[in-house]
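Q: Submitted below is the structure of interest, expressed as structure tokens.
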There are 2 protein chains.
Amino acid sequence: MAQRPRRGWAVSEEGAIPNPANRTQLTRALLRLRELIYNGEFAPGERMSELPLVERLGVSRTPLRLALAQLEHEGLLRGLPGGGYVVREFTQGDVRDAVELRGVLEGTAARFAAERGTTARDLRALRATNETIQKLVHRADYESFERYLHLNESFHARLIKMARSPLLERAMEGVISLPFAAPSALVLAEAELPASRDILIIAHRHHGALIEAIERRQSGRAEAIAREHARLSLTNLEIVVDHRDMLDRLPGASLITLPGDSDTNSDSDHS
Amino acid sequence: MAQRPRRGWAVSEEGAIPNPANRTQLTRALLRLRELIYNGEFAPGERMSELPLVERLGVSRTPLRLALAQLEHEGLLRGLPGGGYVVREFTQGDVRDAVELRGVLEGTAARFAAERGTTARDLRALRATNETIQKLVHRADYESFERYLHLNESFHARLIKMARSPLLERAMEGVISLPFAAPSALVLAEAELPASRDILIIAHRHHGALIEAIERRQSGRAEAIAREHARLSLTNLEIVVDHRDMLDRLPGASLITLPGDSDTNSDSDHS
DNA sequence: CGTAAAGATTCTGCATACAGGACGCGGTCA
DNA sequence: TGACCGCGTCCTGTATGCAGAATCTTTACG
């Protein structure tokens, strides 16, 4: 039932790009629901009933129900015992765990790639992507940053593919379906922050070392590098926490509850 | 048929959230579908349409569709482009990957438990379970083996809980939803095979070492032991492959295609 | 004034009807 | 004889009606 062209939503976030599969009501409900959830339209703990969503999304209950079930599988929603759903909330620790978990799985992918060997073409492609990334790192315009995000996703996606393990691929999809766990999720665009720019340089170095380790069949090294590479996101997370005004630039920021958030918004609903 | 409960994870301990009584049609469809799939009732490549399943399962299309979607998400089914599903097939390599992947995740759980510290109560419970396991290892009757399986599942389930990471727990559930990837899936009951009995002894030793490593906060050691522990299943897998007559004692054996299967799907509907 | 019970209301789970599309089959034309 | 086109059938996606369950409200009683 999951829509076959899942490829579309990897980078685009606001759905500005017309997805070709938008013809089905289920896809529409999925995209719109994700958008609403990411935008924090549902208060924490608020019970999501079907009928209000029906009139809000303009789809009938059947595809809506399927979309809700899928979002529950993805981990964005949590089913209530009596029926209905609530948006799942994540602590800062959950975000850390997600990043660490992605590192573990990407590390396994890198290890598999090193152990099982790769094609010269895959290595070439990784190198080409990483060289283009290097050229973009030192630029400051927004378009370069967008291209960086895209290339970074490509790099990581290809790495997973190179592990040649469908099950690992599946597990990875299960983790990065959380918006803050994707490889580029916590990459910051803040040129004014020197730390966040340095991280791009370090990330590029990691990529290069990872390619080298895989090529030389150094599986342990490859795994360690991939893990440490993922942990760069943790630094970004801390930067964000220090500058809380940045928080809403992250995808799905409203899902994350930071310590010290008083839950005063539990019953007051103003729009 | 109908061996031990496969999905019995939410047993006995805290927070049994998902227990929507077996009276709902969705649960019935899920259980029955899994049973049919495990028993190899659907030929490889056979397209599963909804209407035949409706009369076969006695539920209407609405809950059936939800069940199919869930099974696709679990990885047991694969959605076809034009709609409909096929049962997913797994190679021997897929099984190896699943086991390795479980080892990676259990290793991460063990590392988390060691790094973050655990309660004395959890450690006591692990030790108690493992001591009971030791008493069962040297017995040969079937009931002892059943109890062994149960205790083994408990041990691994508690280990995951001790990581205190809901996301890791979720990822683990995603992996062990495959019937041959569960911790006790490839454990063999064949007392006549000395190798399979030795493995139980080694497994018990692994458990003990794992407890010790976690208690002493040796996170790297804990991770390594857990990984190696999972790899015991690979030995069992090889035993099974060498004695192919054992294959159908494994859960979901019909999902696994072994090399050299000249499959004449013309009239062989009996497994 | 608090509690509990009963009724009312909303919601979910399920079944089914309907429409559009995909696939296959057979006929026809080059 | 082969390829293409039209038609029929099956199937999926969707909407909606209905029944039971859960929840909220109101009221009566201790």
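Ligands are numbered from 1 in the order shown, chains are lettered A, B, ... in the order of the structure tokens, and residues start at 1 in each chain.
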Which RMSD value, in Å, describes how well chain B fits onto chain A when all C-alpha atoms are paired in order and fitted by least squares?
A: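 Result of the CA superposition: 4.6 Å.
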Q: Enumerate the residues of region 74-139 of chain A with a DSSP assignment of alpha helix (DSSP H), computed from the backbone, and present them as a PyMOL selection string.
A: chain A and resi 74+92-116+120-137
Q: I need the residues from that last selection saved to file as a short mmCIF file (atom, residue, chain, number, x, y, z; two decimals), in the first residue's frame (with C-alpha atoms), if you can.
A:
data_model
loop_
_atom_site.label_atom_id
_atom_site.label_comp_id
_atom_site.auth_asym_id
_atom_site.auth_seq_id
_atom_site.Cartn_x
_atom_site.Cartn_y
_atom_site.Cartn_z
CA GLU A 74 6.99 5.28 10.32
CA GLN A 92 16.73 15.58 22.69
CA GLY A 93 17.96 12.17 23.78
CA ASP A 94 15.81 10.53 21.14
CA VAL A 95 17.36 12.72 18.50
CA ARG A 96 20.80 11.74 19.73
CA ASP A 97 19.84 8.10 19.63
CA ALA A 98 18.50 8.46 16.13
CA VAL A 99 21.75 10.01 14.98
CA GLU A 100 23.80 7.37 16.73
CA LEU A 101 21.62 4.69 15.25
CA ARG A 102 22.04 6.07 11.78
CA GLY A 103 25.78 6.03 12.41
CA VAL A 104 25.62 2.41 13.43
CA LEU A 105 23.71 1.42 10.32
CA GLU A 106 25.82 3.53 7.99
CA GLY A 107 28.86 2.06 9.66
CA THR A 108 27.53 -1.39 8.92
CA ALA A 109 26.89 -0.37 5.35
CA ALA A 110 30.44 0.90 5.01
CA ARG A 111 31.77 -2.27 6.56
CA PHE A 112 29.72 -4.43 4.21
CA ALA A 113 30.89 -2.40 1.25
CA ALA A 114 34.51 -2.83 2.32
CA GLU A 115 34.15 -6.52 3.08
CA ARG A 116 32.21 -7.43 -0.02
CA ALA A 120 35.08 0.87 -9.64
CA ARG A 121 32.12 2.79 -10.94
CA ASP A 122 30.57 3.16 -7.51
CA LEU A 123 33.84 4.42 -6.12
CA ARG A 124 34.20 6.85 -8.97
CA ALA A 125 30.71 8.14 -8.39
CA LEU A 126 31.38 8.65 -4.70
CA ARG A 127 34.57 10.52 -5.50
CA ALA A 128 32.87 12.68 -8.07
CA THR A 129 30.12 13.58 -5.63
CA ASN A 130 32.59 14.39 -2.94
CA GLU A 131 34.70 16.57 -5.24
CA THR A 132 31.66 18.57 -6.17
CA ILE A 133 30.88 18.89 -2.51
CA GLN A 134 34.31 20.32 -1.88
CA LYS A 135 33.71 23.07 -4.38
CA LEU A 136 30.46 23.96 -2.69
CA VAL A 137 31.72 23.97 0.87
#
Q: Rounded to one decimal place, report the CA of Arg147 (chain B)-CA of Ile214 (chain B) distance in Å.
A: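 Answer for the CA of Arg147 (chain B) to CA of Ile214 (chain B) separation: 25.0 Å.
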Q: Would you list the contacts of DT9 (chain C) as a ChimeraX atom specification, taking every protein, DNA or RNA residue within 12 Å and counting only C-alpha atoms (C1' of nucleotides), but skipping same-chain residues closer than 2 positions in sequence?
A: /C:7,11 /D:22-25
Q: Produce a file of the selected residues containing C-alpha atoms (C1' of nucleotides), as an mmCIF file, in the first residue's frame.
A:
data_model
loop_
_atom_site.group_PDB
_atom_site.id
_atom_site.type_symbol
_atom_site.label_atom_id
_atom_site.label_comp_id
_atom_site.auth_asym_id
_atom_site.auth_seq_id
_atom_site.Cartn_x
_atom_site.Cartn_y
_atom_site.Cartn_z
ATOM 1 C "C1'" DG C 7 -28.120 8.475 28.789
ATOM 2 C "C1'" DC C 11 -15.858 7.985 17.114
ATOM 3 C "C1'" DA D 22 -15.737 4.495 24.155
ATOM 4 C "C1'" DT D 23 -16.256 8.882 26.144
ATOM 5 C "C1'" DC D 24 -18.480 12.826 27.883
ATOM 6 C "C1'" DT D 25 -22.406 14.931 30.152
#
Q: Neighbouring residues of His73 (chain B) were defined as those with any atom within 10 Å, considering only C-alpha atoms (C1' of nucleotides); residues of the same chain fewer than 5 positions away were excluded. Please report them as a list in words.
A: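 That gives Met1, Ala2, Gln70, His73, Glu74, Arg170 and Gly174 of chain A; Ala67, Leu68, Arg78, Gly79, Gly174 and Ser177 of chain B.
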Q: Those selected residues, please, written with N, CA and C atoms and delivered as a PDB file, in the first residue's frame.
A:
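Contents of again-v9.pdb, as written:
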ATOM      1  N   MET A   1       0.819  -1.210   0.000  1.00  0.00           N
ATOM      2  CA  MET A   1       0.000   0.000   0.000  1.00  0.00           C
ATOM      3  C   MET A   1       0.846   1.250   0.000  1.00  0.00           C
ATOM      4  N   ALA A   2       2.024   1.152   0.537  1.00  0.00           N
ATOM      5  CA  ALA A   2       2.915   2.310   0.475  1.00  0.00           C
ATOM      6  C   ALA A   2       3.169   2.653  -0.976  1.00  0.00           C
ATOM      7  N   GLN A  70       0.151   4.220   8.077  1.00  0.00           N
ATOM      8  CA  GLN A  70       1.525   4.270   7.592  1.00  0.00           C
ATOM      9  C   GLN A  70       2.381   5.203   8.433  1.00  0.00           C
ATOM     10  N   HIS A  73       3.412   3.472  11.412  1.00  0.00           N
ATOM     11  CA  HIS A  73       4.526   2.568  11.140  1.00  0.00           C
ATOM     12  C   HIS A  73       5.844   3.333  11.050  1.00  0.00           C
ATOM     13  N   GLU A  74       5.774   4.496  10.464  1.00  0.00           N
ATOM     14  CA  GLU A  74       6.994   5.280  10.319  1.00  0.00           C
ATOM     15  C   GLU A  74       7.471   5.839  11.652  1.00  0.00           C
ATOM     16  N   ARG A 170      16.468  -1.462   4.184  1.00  0.00           N
ATOM     17  CA  ARG A 170      15.160  -1.333   4.822  1.00  0.00           C
ATOM     18  C   ARG A 170      15.286  -0.761   6.229  1.00  0.00           C
ATOM     19  N   GLY A 174      13.842   2.802   7.781  1.00  0.00           N
ATOM     20  CA  GLY A 174      13.047   2.906   8.985  1.00  0.00           C
ATOM     21  C   GLY A 174      13.572   3.959   9.942  1.00  0.00           C
TER      22      GLY A 174
ATOM     23  N   ALA B  67      -4.133  -5.023   6.817  1.00  0.00           N
ATOM     24  CA  ALA B  67      -3.197  -6.094   7.169  1.00  0.00           C
ATOM     25  C   ALA B  67      -2.121  -6.228   6.100  1.00  0.00           C
ATOM     26  N   LEU B  68      -2.525  -6.165   4.838  1.00  0.00           N
ATOM     27  CA  LEU B  68      -1.542  -6.289   3.761  1.00  0.00           C
ATOM     28  C   LEU B  68      -0.522  -5.157   3.835  1.00  0.00           C
ATOM     29  N   ARG B  78       5.748  -7.713  -0.771  1.00  0.00           N
ATOM     30  CA  ARG B  78       6.269  -6.651  -1.613  1.00  0.00           C
ATOM     31  C   ARG B  78       5.128  -6.171  -2.486  1.00  0.00           C
ATOM     32  N   GLY B  79       4.940  -4.871  -2.549  1.00  0.00           N
ATOM     33  CA  GLY B  79       3.858  -4.315  -3.337  1.00  0.00           C
ATOM     34  C   GLY B  79       4.219  -4.288  -4.808  1.00  0.00           C
ATOM     35  N   GLY B 174      11.773  -3.868  13.826  1.00  0.00           N
ATOM     36  CA  GLY B 174      11.706  -3.932  12.382  1.00  0.00           C
ATOM     37  C   GLY B 174      12.532  -5.058  11.816  1.00  0.00           C
ATOM     38  N   SER B 177      11.014  -8.706  12.967  1.00  0.00           N
ATOM     39  CA  SER B 177       9.700  -9.059  12.440  1.00  0.00           C
ATOM     40  C   SER B 177       9.838 -10.110  11.348  1.00  0.00           C
TER      41      SER B 177
END
Q: What is the CA of Val187 (chain A) to CA of Leu149 (chain A) distance in Å?
A: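 We find that CA of Val187 (chain A) and CA of Leu149 (chain A) lie 8.0 Å from each other.
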Q: Pick out the chain A residues within 8 Å of chain C. Count only C-alpha atoms (C1' of nucleotides). Give them as a tab-separated table (two decimals) with C-alpha atoms, in the first residue's frame.
A:
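After the write, result_11.tsv holds the following:
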chain	number	residue	atom	x	y	z
A	49	SER	CA	-9.56	11.99	15.31
A	83	GLY	CA	-8.39	4.40	18.77
A	84	GLY	CA	-7.13	7.60	17.29
Q: Work out how far CA of Thr118 (chain A) is from CA of Ala163 (chain A), in Å to one decimal.
A: 8.4 Å
Q: Go through region 76-175 of chain A and collect every residue that DSSP, computed from the backbone, puts in strand (DSSP E or B); the answer should be as a list in words.
A: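 Those residues are Leu77, Arg78, Gly79, Tyr85, Val86, Val87, Phe90 and Thr91 of chain A.
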Q: Contacts of Leu250 (chain A) at 12 Å or less, counting only C-alpha atoms (C1' of nucleotides), minus same-chain residues fewer than 2 places along, as an mmCIF file with N, CA and C atoms, in the first residue's frame?
A:
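Output contents, as saved in result_3.cif:
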data_model
loop_
_atom_site.group_PDB
_atom_site.id
_atom_site.type_symbol
_atom_site.label_atom_id
_atom_site.label_comp_id
_atom_site.auth_asym_id
_atom_site.auth_seq_id
_atom_site.Cartn_x
_atom_site.Cartn_y
_atom_site.Cartn_z
ATOM 1 N N GLU A 13 10.949 19.465 0.943
ATOM 2 C CA GLU A 13 10.232 19.441 2.206
ATOM 3 C C GLU A 13 8.869 20.094 2.121
ATOM 4 N N TYR A 38 4.774 18.216 10.646
ATOM 5 C CA TYR A 38 6.056 18.910 10.719
ATOM 6 C C TYR A 38 5.873 20.373 11.121
ATOM 7 N N ASN A 39 4.782 20.962 10.684
ATOM 8 C CA ASN A 39 4.547 22.358 11.018
ATOM 9 C C ASN A 39 3.989 22.528 12.429
ATOM 10 N N PRO A 179 12.238 12.749 10.584
ATOM 11 C CA PRO A 179 12.771 13.883 9.830
ATOM 12 C C PRO A 179 14.118 14.373 10.337
ATOM 13 N N PHE A 180 14.371 14.193 11.615
ATOM 14 C CA PHE A 180 15.624 14.719 12.154
ATOM 15 C C PHE A 180 16.740 13.698 12.110
ATOM 16 N N ALA A 181 16.472 12.526 11.541
ATOM 17 C CA ALA A 181 17.492 11.481 11.507
ATOM 18 C C ALA A 181 18.127 11.335 10.140
ATOM 19 N N ALA A 182 17.592 12.019 9.150
ATOM 20 C CA ALA A 182 18.148 11.887 7.801
ATOM 21 C C ALA A 182 19.572 12.443 7.769
ATOM 22 N N SER A 184 21.116 14.596 6.034
ATOM 23 C CA SER A 184 21.283 16.031 5.910
ATOM 24 C C SER A 184 20.368 16.803 6.842
ATOM 25 N N ALA A 185 19.749 16.116 7.758
ATOM 26 C CA ALA A 185 18.717 16.783 8.545
ATOM 27 C C ALA A 185 19.286 17.895 9.421
ATOM 28 N N LEU A 186 20.385 17.629 10.044
ATOM 29 C CA LEU A 186 20.908 18.592 11.010
ATOM 30 C C LEU A 186 22.044 19.438 10.433
ATOM 31 N N VAL A 187 22.210 19.385 9.129
ATOM 32 C CA VAL A 187 23.223 20.242 8.519
ATOM 33 C C VAL A 187 22.719 21.675 8.543
ATOM 34 N N LEU A 188 23.558 22.549 8.975
ATOM 35 C CA LEU A 188 23.124 23.931 9.171
ATOM 36 C C LEU A 188 23.608 24.817 8.034
ATOM 37 N N ALA A 189 22.802 25.776 7.743
ATOM 38 C CA ALA A 189 23.140 26.684 6.658
ATOM 39 C C ALA A 189 23.748 27.978 7.172
ATOM 40 N N GLU A 190 23.999 28.023 8.435
ATOM 41 C CA GLU A 190 24.356 29.296 9.030
ATOM 42 C C GLU A 190 25.808 29.648 8.727
ATOM 43 N N ASN A 236 26.007 19.612 15.466
ATOM 44 C CA ASN A 236 25.025 20.559 14.949
ATOM 45 C C ASN A 236 23.823 20.661 15.866
ATOM 46 N N LEU A 237 23.434 19.528 16.391
ATOM 47 C CA LEU A 237 22.299 19.562 17.311
ATOM 48 C C LEU A 237 22.593 20.455 18.512
ATOM 49 N N ILE A 239 24.673 22.933 18.612
ATOM 50 C CA ILE A 239 24.654 24.323 18.169
ATOM 51 C C ILE A 239 23.222 24.840 18.141
ATOM 52 N N VAL A 240 22.344 24.020 17.644
ATOM 53 C CA VAL A 240 20.954 24.441 17.549
ATOM 54 C C VAL A 240 20.374 24.681 18.942
ATOM 55 N N VAL A 241 20.719 23.787 19.852
ATOM 56 C CA VAL A 241 20.172 23.941 21.194
ATOM 57 C C VAL A 241 20.709 25.213 21.840
ATOM 58 N N ARG A 244 18.533 28.711 20.197
ATOM 59 C CA ARG A 244 17.226 28.097 20.021
ATOM 60 C C ARG A 244 16.415 28.761 18.926
ATOM 61 N N ASP A 245 16.803 29.949 18.552
ATOM 62 C CA ASP A 245 16.054 30.580 17.476
ATOM 63 C C ASP A 245 16.234 29.840 16.165
ATOM 64 N N MET A 246 17.258 29.026 16.088
ATOM 65 C CA MET A 246 17.463 28.249 14.866
ATOM 66 C C MET A 246 16.554 27.030 14.812
ATOM 67 N N LEU A 247 15.966 26.729 15.921
ATOM 68 C CA LEU A 247 15.339 25.417 16.033
ATOM 69 C C LEU A 247 14.275 25.201 14.976
ATOM 70 N N ASP A 248 13.509 26.235 14.689
ATOM 71 C CA ASP A 248 12.409 26.025 13.761
ATOM 72 C C ASP A 248 12.874 25.934 12.316
ATOM 73 N N GLY A 252 10.841 19.238 11.133
ATOM 74 C CA GLY A 252 10.164 18.572 12.227
ATOM 75 C C GLY A 252 10.586 19.057 13.591
ATOM 76 N N ALA A 253 10.961 20.314 13.670
ATOM 77 C CA ALA A 253 11.442 20.822 14.957
ATOM 78 C C ALA A 253 10.355 20.750 16.021
ATOM 79 N N SER A 254 9.117 20.902 15.600
ATOM 80 C CA SER A 254 8.045 20.917 16.593
ATOM 81 C C SER A 254 7.861 19.570 17.264
ATOM 82 N N LEU A 255 8.463 18.539 16.686
ATOM 83 C CA LEU A 255 8.327 17.216 17.302
ATOM 84 C C LEU A 255 9.263 17.048 18.476
ATOM 85 N N ILE A 256 10.234 17.936 18.564
ATOM 86 C CA ILE A 256 11.279 17.760 19.565
ATOM 87 C C ILE A 256 10.964 18.622 20.767
#
Q: Nearest to chain A: which of B:Val86, B:Ala157, B:Val175, B:Phe42 is it, counting only C-alpha atoms?
A: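 Selected residue with least distance to chain A: B:Val175.
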Q: Distance limit 10 Å, atoms considered: only C-alpha atoms (C1' of nucleotides). Which chain D residues sit that close to chain A? Return them as an MDAnalysis selection string.
A: chainID D and resid 13:16 21:23
